[in-house]
Every structure is written in structure tokens, then in C-alpha cells.
Amino acid sequence: MDQKTYSQLEQKMSPKVPLAGNLIRAFLTGGLICAIGQGIMYFYMYFFDFTEKTAGNPTVATLIFIVMLLTGFGKYKKIAQFGGAGSAVPVTGFGNAMISSAIEHRTEGYVLGVGGNMFKLAGSVIVFGVFAAFVVALIKTILVKFGVVGW
Amino acid sequence: MISSFILAFIVGGLICVIGQLLFDVANLTPGHTLSILVVAGAVLDGLGLYEPLIDFAGAGATVPITSFGNSLTHGALREAEEHGIIGVITGMFEVTSSGISAAILFGFIASLIFRSKGRP
């Protein structure tokens, strides 16, 4: 059996991904997390003096705090099994990736285990985010310098 | 007020649907998917399209990981406006610091109080 027939066979044998169901579950889970975020945002806007523009920062921090508890008690894994991308795409997924690797590598010690592995999964997001932001901001700054676009 | 919850739900949900499509249809790993979304957020802010989305959807736009790319670009652009090219590098984490510092802080606290279950 060559590689082509094998991959055909593999495709036939492997269970079909229930795409529509996955999409609906991702939509519901992600939407719910964002709606909770909206609630936290209103909390910061009414009880502290944050504006609509600045309330996003404490909201993200609060969500990550909630995720710490959920990850520590092993509940976020269940949400992730149900929601798929709905739990991974919000900032809670980023927090979960960092927190779970911190907990998991604790046995290797705090410096090499926790400190060294915390960014193992989440690091790529930061690296590509920073690099993309650098390129985009550089292009825009140069374009503004030549007067092509405004800020 | 109710409508802003609904808008956050719908827009946030749709961004997650894009993520799920990248998972299932494009067969990408979560790492690749999240990286693509972050880059997309950075590019959208460069085009000036992400801020209107935040105004429209509130937490529906600030909670998904795309907002991370948006705020990285945003900080860089804000500094660049004042200090020119140098600001692109120095301003990068100005806006987005809360997500990363919260994740580092709570990750470390979690490693102090929780033990991993299941795996040895």
C-alpha cells in the first residue's frame, strides 16, 4: 500500500467531524464567554471609573482570574471539550494555556518547570502577535511619514 | 443595555466560529489558529477597522484573542505618533499589558496552590 491509498483509507476510516454541531457549540460557548465579559465590563464601568474604552483591560484580567479557578479545579477542560474553538479563541483560552502548563510542570521545580514552561503553548501567540504588530505599525508609520494616510 | 449583551454574544460567537472553521475545515492546530487570529487582529487595527468593531460589539470584540493583536498594534501606533519609528518598538506592550501580566501572575499563583491531576 503506497502513501496515497493509505491516506485515502485513513480518510475513509476516520470518523467524520460533525462540523455543523461543532460550529454551533463554538458559537454558543464563545458568545457566552463574551457576554459574561460584557457583564464584567459594565461592572467596572459602574462601580469604578473606567470608560467603555478602558474597561476592556480589567475585564480581561478578571476573566483570566476566573479561568485560573476553573483550570485549577479541572473544569475548563470540560468546557473545552464541549466548546472547541469557542473556549480557545477568547482570552480565556490563552489564560488556560498558560495556567495549565504552569500547573502541569510544577513538579519540575518553580524556575525550570513553572517559569520555563508557562509560555510553552501561549508563546506562539505572543511572538506572532508582536511581530505582526511591529510590521503593521512600521508600515503605517512610514505611510504617515510620506503623507499617504493619516493617523 | 440588553442589546449590548446580545451584540457581544453574536460578534464574539462569530469570531469563535471562524476559529472552529480553521480547526475543522483547514485542519489547523489550536496554536496555528490562535496565531492567525492574533495576526488578523493586528492587521485589522492597522487598517483602522478594529476600533469600530469594539465600539459596535464591546466585549464581543475585546474578549477574543484578536483583540490582543489589536492592542499590540494600537500601543505601537500610539507611541509612534509621538516618538516616530522608535515608538513602534517601545509602545508595543503599552495597552495590552493587562492580559499578559494577569496570565503570568495567576499562572504562577495557580502553580502554588493547585496540583495537576491525572498525569503523574
# chains A, B, ... in the order shown; residues from 1 in each chain; ligands from 1
$ closest_atom_pairs --of "chain A" --to "chain B" --cutoff "7 Å" --atoms "only C-alpha atoms" --output "tab-separated table"
residue	atom	partner	partner_atom	distance
A:Leu19	CA	B:Asp24	CA	6.9
A:Leu23	CA	B:Val17	CA	5.5
A:Ala26	CA	B:Val17	CA	5.8
A:Phe27	CA	B:Gly13	CA	4.1
A:Leu28	CA	B:Gly13	CA	6.2
A:Gly30	CA	B:Gly13	CA	4.7
A:Gly31	CA	B:Phe9	CA	3.9
A:Leu32	CA	B:Phe9	CA	6.0
A:Cys34	CA	B:Gly60	CA	5.1
A:Ala35	CA	B:Phe9	CA	5.1
A:Gly37	CA	B:Ala59	CA	5.6
A:Gln38	CA	B:Ala59	CA	4.9
A:Gly56	CA	B:Thr62	CA	6.2
A:Asn57	CA	B:Ser98	CA	5.7
A:Val60	CA	B:Gly99	CA	5.8
A:Ala61	CA	B:Ala102	CA	5.3
A:Ile64	CA	B:Ala103	CA	6.3
A:Phe65	CA	B:Phe106	CA	6.4
A:Met68	CA	B:Phe106	CA	6.3
A:Gly72	CA	B:Phe114	CA	5.6
A:Gly84	CA	B:Gln20	CA	6.9
A:Ala85	CA	B:Gln20	CA	4.9
A:Gly86	CA	B:Cys16	CA	4.9
A:Val89	CA	B:Pro64	CA	5.6
A:Pro90	CA	B:Pro64	CA	3.7
A:Val91	CA	B:Ile65	CA	5.1
A:Gly95	CA	B:Ala103	CA	5.4
A:Met98	CA	B:Gly107	CA	6.2
A:Ile99	CA	B:Gly107	CA	4.2
A:Ala102	CA	B:Ser111	CA	5.6
A:Ile103	CA	B:Ser111	CA	4.5
A:Glu104	CA	B:Ser116	CA	5.3
A:Arg106	CA	B:Ser111	CA	6.2
A:Ser124	CA	B:Ser35	CA	6.5
A:Val125	CA	B:Ser35	CA	4.9
A:Phe128	CA	B:Ser35	CA	6.1
A:Gly129	CA	B:Gly69	CA	5.2
A:Val130	CA	B:Leu72	CA	6.6
A:Ala132	CA	B:Val39	CA	5.6
A:Ala133	CA	B:Thr73	CA	4.5
A:Phe134	CA	B:Val88	CA	6.4
A:Val136	CA	B:Gly46	CA	5.8
A:Ala137	CA	B:Leu77	CA	5.6
A:Leu138	CA	B:Val88	CA	6.5
A:Lys140	CA	B:Gly46	CA	6.8
A:Thr141	CA	B:Ala80	CA	6.8
$ residues_around --residues "Tyr76 in chain A" --least-positions-apart "2" --cutoff "12 Å" --atoms "only C-alpha atoms" --output "PyMOL selection string"
chain A and resi 29+64+66-74+78-84+86-88+92-97+99-100
$ write_last_selection --atoms "C-alpha atoms" --output "JSON list (two decimals), in the first residue's frame"
[["chain", "number", "residue", "atom", "x", "y", "z"],
["A", 29, "THR", "CA", -19.63, 28.89, 24.12],
["A", 64, "ILE", "CA", -8.18, 35.18, 33.44],
["A", 66, "ILE", "CA", -11.88, 33.12, 36.77],
["A", 67, "VAL", "CA", -10.07, 30.81, 34.35],
["A", 68, "MET", "CA", -7.38, 30.21, 36.99],
["A", 69, "LEU", "CA", -10.02, 28.79, 39.32],
["A", 70, "LEU", "CA", -11.70, 26.78, 36.56],
["A", 71, "THR", "CA", -8.38, 25.37, 35.33],
["A", 72, "GLY", "CA", -7.19, 24.57, 38.84],
["A", 73, "PHE", "CA", -10.30, 22.60, 39.66],
["A", 74, "GLY", "CA", -10.20, 20.84, 36.27],
["A", 78, "LYS", "CA", -14.80, 20.07, 30.23],
["A", 79, "ILE", "CA", -15.76, 23.45, 28.76],
["A", 80, "ALA", "CA", -13.08, 22.97, 26.11],
["A", 81, "GLN", "CA", -14.39, 19.52, 25.20],
["A", 82, "PHE", "CA", -17.83, 20.98, 24.63],
["A", 83, "GLY", "CA", -16.95, 24.32, 23.08],
["A", 84, "GLY", "CA", -13.89, 23.61, 20.93],
["A", 86, "GLY", "CA", -15.45, 28.65, 21.48],
["A", 87, "SER", "CA", -13.30, 28.15, 24.55],
["A", 88, "ALA", "CA", -9.91, 28.52, 22.86],
["A", 92, "THR", "CA", -9.76, 32.64, 28.49],
["A", 93, "GLY", "CA", -8.19, 30.04, 26.19],
["A", 94, "PHE", "CA", -4.92, 31.96, 26.26],
["A", 95, "GLY", "CA", -5.10, 32.12, 30.05],
["A", 96, "ASN", "CA", -5.94, 28.44, 30.28],
["A", 97, "ALA", "CA", -2.96, 27.50, 28.09],
["A", 99, "ILE", "CA", -2.10, 28.38, 33.67],
["A", 100, "SER", "CA", -2.44, 24.70, 32.82]]
$ select_by_dssp --residues "chain A" --states "alpha helix (DSSP H)" --output "count of residues only"
108
$ atom_distance --atom1 "CA of Pro58 in chain A" --atom2 "CA of Met45 in chain A"
10.3 Å
$ atom_distance --atom1 "CA of Thr62 in chain A" --atom2 "CA of Met41 in chain A"
9.7 Å
